[in-house]
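The file work_16.json contains JSON, C-alpha atoms:
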```json
[["chain", "number", "residue", "atom", "x", "y", "z"],
["A", 178, "MET", "CA", -42.89, -43.75, 64.00],
["A", 179, "ASP", "CA", -40.74, -45.68, 66.45],
["A", 180, "LEU", "CA", -37.76, -47.67, 65.13],
["A", 181, "PRO", "CA", -34.79, -49.48, 66.66],
["A", 182, "VAL", "CA", -31.42, -47.77, 66.17],
["A", 183, "PHE", "CA", -28.16, -49.54, 65.38],
["A", 184, "ALA", "CA", -25.18, -47.34, 66.33],
["A", 185, "LEU", "CA", -21.97, -47.47, 64.26],
["A", 186, "HIS", "CA", -18.68, -45.59, 64.09],
["A", 187, "GLN", "CA", -19.57, -45.08, 60.43],
["A", 188, "VAL", "CA", -21.67, -42.66, 58.42],
["A", 189, "VAL", "CA", -23.94, -44.44, 55.94],
["A", 190, "PHE", "CA", -25.61, -42.68, 53.03],
["A", 191, "PRO", "CA", -28.85, -43.59, 51.24],
["A", 192, "GLY", "CA", -28.17, -46.19, 48.58],
["A", 193, "SER", "CA", -24.90, -47.33, 50.16],
["A", 194, "PRO", "CA", -24.20, -50.97, 50.93],
["A", 195, "VAL", "CA", -23.19, -51.85, 54.47],
["A", 196, "THR", "CA", -22.11, -55.14, 55.99],
["A", 197, "LEU", "CA", -22.78, -55.85, 59.66],
["A", 198, "ARG", "CA", -21.33, -58.62, 61.79],
["A", 199, "VAL", "CA", -23.65, -58.87, 64.79],
["A", 200, "PHE", "CA", -22.73, -60.65, 67.99],
["A", 201, "GLU", "CA", -23.92, -58.40, 70.82],
["A", 202, "PRO", "CA", -27.05, -59.74, 72.58],
["A", 203, "ARG", "CA", -28.85, -56.38, 72.33],
["A", 204, "TYR", "CA", -28.48, -56.22, 68.57],
["A", 205, "ARG", "CA", -29.29, -59.90, 68.11],
["A", 206, "GLU", "CA", -32.51, -59.19, 70.00],
["A", 207, "LEU", "CA", -33.12, -56.18, 67.75],
["A", 208, "LEU", "CA", -32.86, -58.40, 64.68],
["A", 209, "ASP", "CA", -35.17, -60.98, 66.23],
["A", 210, "ASP", "CA", -37.75, -58.27, 66.89],
["A", 211, "VAL", "CA", -37.68, -56.60, 63.46],
["A", 212, "ALA", "CA", -37.55, -59.97, 61.62],
["A", 213, "ALA", "CA", -37.00, -60.26, 57.88],
["A", 214, "GLY", "CA", -38.23, -57.19, 56.04],
["A", 215, "GLY", "CA", -38.58, -55.12, 59.20],
["A", 216, "ARG", "CA", -36.93, -51.73, 59.31],
["A", 217, "PHE", "CA", -34.40, -50.21, 61.65],
["A", 218, "VAL", "CA", -32.11, -47.19, 61.61],
["A", 219, "ILE", "CA", -28.34, -47.01, 61.28],
["A", 220, "ALA", "CA", -26.92, -43.88, 62.92],
["A", 221, "ALA", "CA", -23.32, -42.79, 63.36],
["A", 222, "ILE", "CA", -21.89, -42.46, 66.85],
["A", 223, "ARG", "CA", -21.16, -38.92, 68.01],
["A", 224, "GLN", "CA", -19.64, -40.05, 71.29],
["A", 225, "GLY", "CA", -19.28, -43.39, 72.99],
["A", 226, "ARG", "CA", -18.53, -47.00, 72.15],
["A", 227, "GLU", "CA", -19.74, -49.15, 69.31],
["A", 228, "VAL", "CA", -19.44, -52.41, 71.24],
["A", 229, "ALA", "CA", -20.43, -53.19, 74.83],
["A", 230, "GLY", "CA", -21.28, -49.70, 75.90],
["A", 231, "PRO", "CA", -23.67, -46.77, 75.56],
["A", 232, "ALA", "CA", -23.31, -44.37, 72.65],
["A", 233, "GLU", "CA", -24.67, -40.95, 71.78],
["A", 234, "VAL", "CA", -25.64, -40.90, 68.11],
["A", 235, "PHE", "CA", -26.05, -38.14, 65.59],
["A", 236, "ARG", "CA", -29.65, -37.14, 65.00],
["A", 237, "VAL", "CA", -29.78, -38.01, 61.30],
["A", 238, "GLY", "CA", -29.42, -41.59, 60.12],
["A", 239, "VAL", "CA", -30.68, -43.92, 57.42],
["A", 240, "THR", "CA", -33.24, -46.72, 57.40],
["A", 241, "VAL", "CA", -32.46, -50.27, 56.34],
["A", 242, "GLU", "CA", -34.54, -53.41, 55.99],
["A", 243, "GLY", "CA", -33.48, -56.43, 58.00],
["A", 244, "PRO", "CA", -32.85, -59.41, 55.70],
["A", 245, "VAL", "CA", -32.53, -62.96, 56.94],
["A", 246, "PRO", "CA", -28.98, -62.97, 58.36],
["A", 247, "GLU", "CA", -26.34, -65.54, 57.58],
["A", 248, "VAL", "CA", -25.25, -67.46, 60.67],
["A", 249, "LEU", "CA", -21.47, -67.81, 60.72],
["A", 250, "PRO", "CA", -19.65, -70.82, 62.22],
["A", 251, "ASP", "CA", -18.84, -68.87, 65.38],
["A", 252, "GLY", "CA", -22.53, -68.05, 65.88],
["A", 253, "THR", "CA", -22.37, -64.40, 64.87],
["A", 254, "LEU", "CA", -24.80, -62.99, 62.32],
["A", 255, "LEU", "CA", -23.72, -61.52, 59.00],
["A", 256, "LEU", "CA", -26.00, -59.04, 57.24],
["A", 257, "GLN", "CA", -25.65, -57.44, 53.81],
["A", 258, "LEU", "CA", -27.78, -54.29, 53.72],
["A", 259, "ASP", "CA", -28.58, -51.37, 51.45],
["A", 260, "ALA", "CA", -29.38, -48.07, 53.10],
["A", 261, "ASP", "CA", -32.71, -46.55, 52.14],
["A", 262, "GLU", "CA", -33.98, -43.14, 53.32],
["A", 263, "ARG", "CA", -32.71, -40.47, 55.69],
["A", 264, "VAL", "CA", -34.58, -39.97, 58.93],
["A", 265, "THR", "CA", -34.33, -37.57, 61.84],
["A", 266, "LEU", "CA", -34.09, -39.04, 65.32],
["A", 267, "VAL", "CA", -36.58, -36.93, 67.24],
["A", 268, "GLU", "CA", -36.93, -38.51, 70.67],
["A", 269, "ARG", "CA", -35.37, -41.45, 72.46],
["A", 270, "ILE", "CA", -38.07, -43.97, 73.37],
["A", 271, "ALA", "CA", -36.01, -46.69, 75.02],
["A", 272, "GLU", "CA", -32.42, -47.70, 75.67],
["A", 273, "ASP", "CA", -33.02, -51.21, 76.91],
["A", 274, "PRO", "CA", -32.67, -53.87, 75.56],
["A", 275, "TYR", "CA", -31.52, -51.81, 72.54],
["A", 276, "PRO", "CA", -31.90, -48.14, 71.53],
["A", 277, "SER", "CA", -35.25, -47.13, 70.07],
["A", 278, "TRP", "CA", -36.22, -43.68, 68.81],
["A", 279, "CYS", "CA", -39.20, -41.84, 67.44],
["A", 280, "VAL", "CA", -38.08, -40.87, 63.94],
["A", 281, "GLU", "CA", -39.42, -38.66, 61.17],
["A", 282, "PRO", "CA", -38.61, -38.61, 57.43],
["A", 283, "TYR", "CA", -35.81, -36.26, 56.38],
["A", 284, "PRO", "CA", -36.55, -35.80, 52.66],
["A", 285, "ASP", "CA", -34.03, -34.39, 50.24],
["A", 286, "GLU", "CA", -34.69, -30.85, 49.04],
["A", 287, "GLY", "CA", -33.15, -31.46, 45.61],
["A", 288, "GLY", "CA", -31.76, -28.40, 43.86],
["A", 289, "ALA", "CA", -29.31, -30.34, 41.69],
["A", 290, "GLY", "CA", -29.03, -30.95, 37.97],
["A", 291, "THR", "CA", -26.86, -33.02, 35.67],
["A", 292, "ASP", "CA", -24.31, -30.19, 35.40],
["A", 293, "ASP", "CA", -23.81, -30.24, 39.17],
["A", 294, "VAL", "CA", -23.27, -33.99, 39.07],
["A", 295, "GLU", "CA", -20.75, -33.71, 36.22],
["A", 296, "VAL", "CA", -18.74, -31.07, 38.11],
["A", 297, "THR", "CA", -18.55, -33.29, 41.19],
["A", 298, "VAL", "CA", -17.69, -36.40, 39.17],
["A", 299, "GLN", "CA", -14.81, -34.51, 37.58],
["A", 300, "ALA", "CA", -13.61, -33.39, 41.02],
["A", 301, "LEU", "CA", -13.73, -37.03, 42.14],
["A", 302, "ARG", "CA", -11.75, -38.13, 39.08],
["A", 303, "ASP", "CA", -9.10, -35.48, 39.75],
["A", 304, "TYR", "CA", -8.85, -36.67, 43.35],
["A", 305, "LEU", "CA", -8.49, -40.31, 42.26],
["A", 306, "VAL", "CA", -5.69, -39.30, 39.89],
["A", 307, "ALA", "CA", -3.96, -37.44, 42.72],
["A", 308, "ILE", "CA", -4.00, -40.51, 45.01],
["A", 309, "GLY", "CA", -2.98, -42.90, 42.23],
["A", 310, "GLU", "CA", -6.33, -44.62, 41.88],
["A", 311, "ASP", "CA", -7.35, -43.24, 38.50],
["A", 312, "HIS", "CA", -8.18, -46.81, 37.39],
["A", 313, "VAL", "CA", -11.24, -46.70, 39.66],
["A", 314, "ARG", "CA", -14.46, -46.05, 37.74],
["A", 315, "PRO", "CA", -17.28, -45.57, 40.24],
["A", 316, "ALA", "CA", -20.82, -46.12, 38.96],
["A", 317, "ILE", "CA", -22.73, -42.86, 39.32],
["A", 318, "PRO", "CA", -26.56, -42.90, 39.08],
["A", 319, "THR", "CA", -28.25, -40.60, 36.60],
["A", 320, "ASP", "CA", -30.67, -39.24, 39.21],
["A", 321, "PRO", "CA", -29.01, -36.16, 40.79],
["A", 322, "VAL", "CA", -30.19, -36.93, 44.32],
["A", 323, "ALA", "CA", -28.98, -40.53, 44.17],
["A", 324, "ALA", "CA", -25.75, -39.34, 42.55],
["A", 325, "SER", "CA", -25.20, -36.82, 45.34],
["A", 326, "ASN", "CA", -25.37, -39.60, 47.91],
["A", 327, "VAL", "CA", -22.99, -41.88, 46.02],
["A", 328, "LEU", "CA", -20.49, -39.06, 45.59],
["A", 329, "ALA", "CA", -20.83, -37.97, 49.22],
["A", 330, "ALA", "CA", -20.18, -41.56, 50.32],
["A", 331, "ALA", "CA", -16.95, -41.52, 48.28],
["A", 332, "ALA", "CA", -15.74, -38.27, 49.81],
["A", 333, "PRO", "CA", -12.75, -38.61, 52.15],
["A", 334, "GLY", "CA", -13.02, -37.18, 55.61],
["A", 335, "LEU", "CA", -13.51, -37.78, 59.30],
["A", 336, "PRO", "CA", -16.94, -39.01, 60.45],
["A", 337, "VAL", "CA", -18.05, -35.54, 61.56],
["A", 338, "VAL", "CA", -17.37, -34.18, 58.05],
["A", 339, "ARG", "CA", -19.20, -37.07, 56.42],
["A", 340, "GLN", "CA", -22.10, -36.61, 58.84],
["A", 341, "GLU", "CA", -22.34, -32.99, 57.73],
["A", 342, "LEU", "CA", -22.70, -34.25, 54.16],
["A", 343, "LEU", "CA", -25.42, -36.68, 55.22],
["A", 344, "GLU", "CA", -27.30, -33.93, 57.04],
["A", 345, "THR", "CA", -27.06, -31.45, 54.15],
["A", 346, "ALA", "CA", -30.69, -30.85, 53.24],
["A", 347, "ALA", "CA", -30.38, -30.35, 49.47],
["A", 348, "ALA", "CA", -28.65, -32.52, 46.88],
["A", 349, "GLY", "CA", -27.24, -29.46, 45.13],
["A", 350, "ASP", "CA", -25.54, -28.27, 48.30],
["A", 351, "ARG", "CA", -24.30, -31.80, 49.02],
["A", 352, "LEU", "CA", -22.69, -32.00, 45.59],
["A", 353, "ALA", "CA", -21.04, -28.61, 46.06],
["A", 354, "ARG", "CA", -19.62, -29.66, 49.43],
["A", 355, "ALA", "CA", -18.39, -32.99, 48.08],
["A", 356, "SER", "CA", -16.71, -31.20, 45.15],
["A", 357, "ALA", "CA", -14.93, -28.88, 47.57],
["A", 358, "ILE", "CA", -13.71, -31.85, 49.62],
["A", 359, "PHE", "CA", -12.37, -33.68, 46.56],
["A", 360, "ARG", "CA", -10.56, -30.54, 45.34],
["A", 361, "ARG", "CA", -9.10, -29.78, 48.78],
["A", 362, "GLU", "CA", -7.87, -33.31, 49.34],
["A", 363, "ALA", "CA", -6.39, -33.52, 45.84],
["A", 364, "ALA", "CA", -4.50, -30.27, 46.48],
["A", 365, "ILE", "CA", -3.19, -31.61, 49.82],
["A", 366, "VAL", "CA", -2.01, -34.83, 48.21],
["A", 367, "ARG", "CA", -0.26, -32.98, 45.41],
["A", 368, "ALA", "CA", 1.43, -30.64, 47.88],
["A", 369, "THR", "CA", 2.42, -33.12, 50.58],
["A", 370, "GLY", "CA", 1.89, -36.59, 49.21],
["A", 371, "ALA", "CA", -0.55, -37.36, 52.00],
["A", 372, "GLY", "CA", -4.28, -36.94, 52.51],
["A", 373, "VAL", "CA", -7.31, -38.39, 54.21],
["A", 374, "ALA", "CA", -8.10, -41.83, 52.84],
["A", 375, "SER", "CA", -11.45, -42.20, 51.09],
["A", 376, "ALA", "CA", -14.20, -43.94, 53.00],
["A", 377, "GLU", "CA", -14.92, -47.56, 52.33],
["A", 378, "LEU", "CA", -17.82, -49.53, 53.80],
["A", 379, "GLY", "CA", -16.43, -52.72, 55.22],
["A", 380, "ILE", "CA", -17.50, -55.11, 57.92],
["A", 381, "SER", "CA", -18.49, -53.35, 61.13],
["A", 382, "PRO", "CA", -18.16, -55.42, 64.30],
["A", 383, "ASN", "CA", -21.22, -55.12, 66.57]]
```

Transcribe the structure of this file into structure tokens.
Amino acid sequence: MDLPVFALHQVVFPGSPVTLRVFEPRYRELLDDVAAGGRFVIAAIRQGREVAGPAEVFRVGVTVEGPVPEVLPDGTLLLQLDADERVTLVERIAEDPYPSWCVEPYPDEGGAGTDDVEVTVQALRDYLVAIGEDHVRPAIPTDPVAASNVLAAAAPGLPVVRQELLETAAAGDRLARASAIFRREAAIVRATGAGVASAELGISPN
């Protein structure tokens, strides 16, 4: 299937909330075309600019449904979205007026159980203690696949590292990688007092 692609300097995981502030004409046209309830893809930028320029995106992203945007006083559009499913970007269909790709589903291969989730949750808790945020109590789904995405979204790291988590085929492997990241970052913080800040989904200007 062919879907429009919205490029961000941000890796978004299935189930994650994301807020977009849209002012570029190309993306305003994208929203007009998909209308309320229409789907498009959010993909992280591998190289290039998020605003007013071309960008090369990673080949795995997530789908979202376009709600009716809120029009802000300055005329920009504000959207509150929840990411849905992973897709693979197979072939670029168009670049003008906005990027469009032929995409295919990228289903999760599973391979995770409640024990795997508990191990990763404990690694997250240890990391939060290390950075002085042990008061934070993230809500973790009971479904292992959904939990793997929530925990991966909480993992600190540069976009390329977070993209590797998104592209990890199986939930069990994703949980193992996220656990390793939490343990490594906690060790760095304890040793040096500094680490990579955890990712937070805020407002992305586009």

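Here the question is which of A:Tyr204, A:Ala363, A:Thr369, A:Leu249 gets nearest to Glu310 in chain A using all atoms listed in the file, and that residue is A:Ala363.
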
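Considering the residues A:Gly192, A:Pro274, A:Ile365, A:Glu268 and counting all atoms listed in the file, Val322 in chain A has its shortest atom-to-atom contact with A:Gly192.
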
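Among the candidates A:Val237, A:Leu207, A:Leu258, A:Val298, the one nearest to Val195 in chain A when counting all atoms listed in the file is A:Leu258.
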
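Using all atoms listed in the file, the nearest neighbour of Arg216 in chain A within the list A:Thr240, A:Leu352, A:Leu255, A:Phe359 is A:Thr240.
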
Can you check which parts of range 229-250 of chain A lie within 10 Å of range 179-190 of chain A? Per residue, the shortest pair of atoms and distance in Å to one decimal, counting only C-alpha atoms, sorted by chain and number, as a tab-separated table.
```
residue	atom	partner	partner_atom	distance
A:Pro231	CA	A:Ala184	CA	9.4
A:Ala232	CA	A:Ala184	CA	7.2
A:Glu233	CA	A:Ala184	CA	8.4
A:Val234	CA	A:Ala184	CA	6.7
A:Phe235	CA	A:Ala184	CA	9.3
A:Val237	CA	A:Val188	CA	9.8
A:Gly238	CA	A:Val189	CA	7.5
A:Val239	CA	A:Phe190	CA	6.8
A:Thr240	CA	A:Leu180	CA	9.0
```

Take the selection from the previous step and output its residues with C-alpha atoms, as a PDB file, in the coordinates of the input.
```pdb
ATOM      1  CA  PRO A 231     -23.670 -46.770  75.560  1.00  0.00           C
ATOM      2  CA  ALA A 232     -23.310 -44.370  72.650  1.00  0.00           C
ATOM      3  CA  GLU A 233     -24.670 -40.950  71.780  1.00  0.00           C
ATOM      4  CA  VAL A 234     -25.640 -40.900  68.110  1.00  0.00           C
ATOM      5  CA  PHE A 235     -26.050 -38.140  65.590  1.00  0.00           C
ATOM      6  CA  VAL A 237     -29.780 -38.010  61.300  1.00  0.00           C
ATOM      7  CA  GLY A 238     -29.420 -41.590  60.120  1.00  0.00           C
ATOM      8  CA  VAL A 239     -30.680 -43.920  57.420  1.00  0.00           C
ATOM      9  CA  THR A 240     -33.240 -46.720  57.400  1.00  0.00           C
TER      10      THR A 240
END
```

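CA of Arg198 in chain A lies 23.6 Å from CA of Leu266 in chain A.
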
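Between Gly252 in chain A and the candidates A:Val199, A:Leu335, A:Ala346, A:Ile358, the tightest atom-to-atom separation, counting only C-alpha atoms, involves A:Val199.
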
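The gap separating CA of Pro194 in chain A from CA of Ala347 in chain A is 21.6 Å, in Å to one decimal.
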
Can you tell me, as an NGL selection string, what residues are no more than 8 Å from Glu262 in chain A when counting only C-alpha atoms, ignoring any on the same chain fewer than 5 positions away?
:A and (191 or 239-241 or 282-284)

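CA of Asp261 in chain A to CA of Val248 in chain A spans 23.8 Å [interatomic distance, one decimal].
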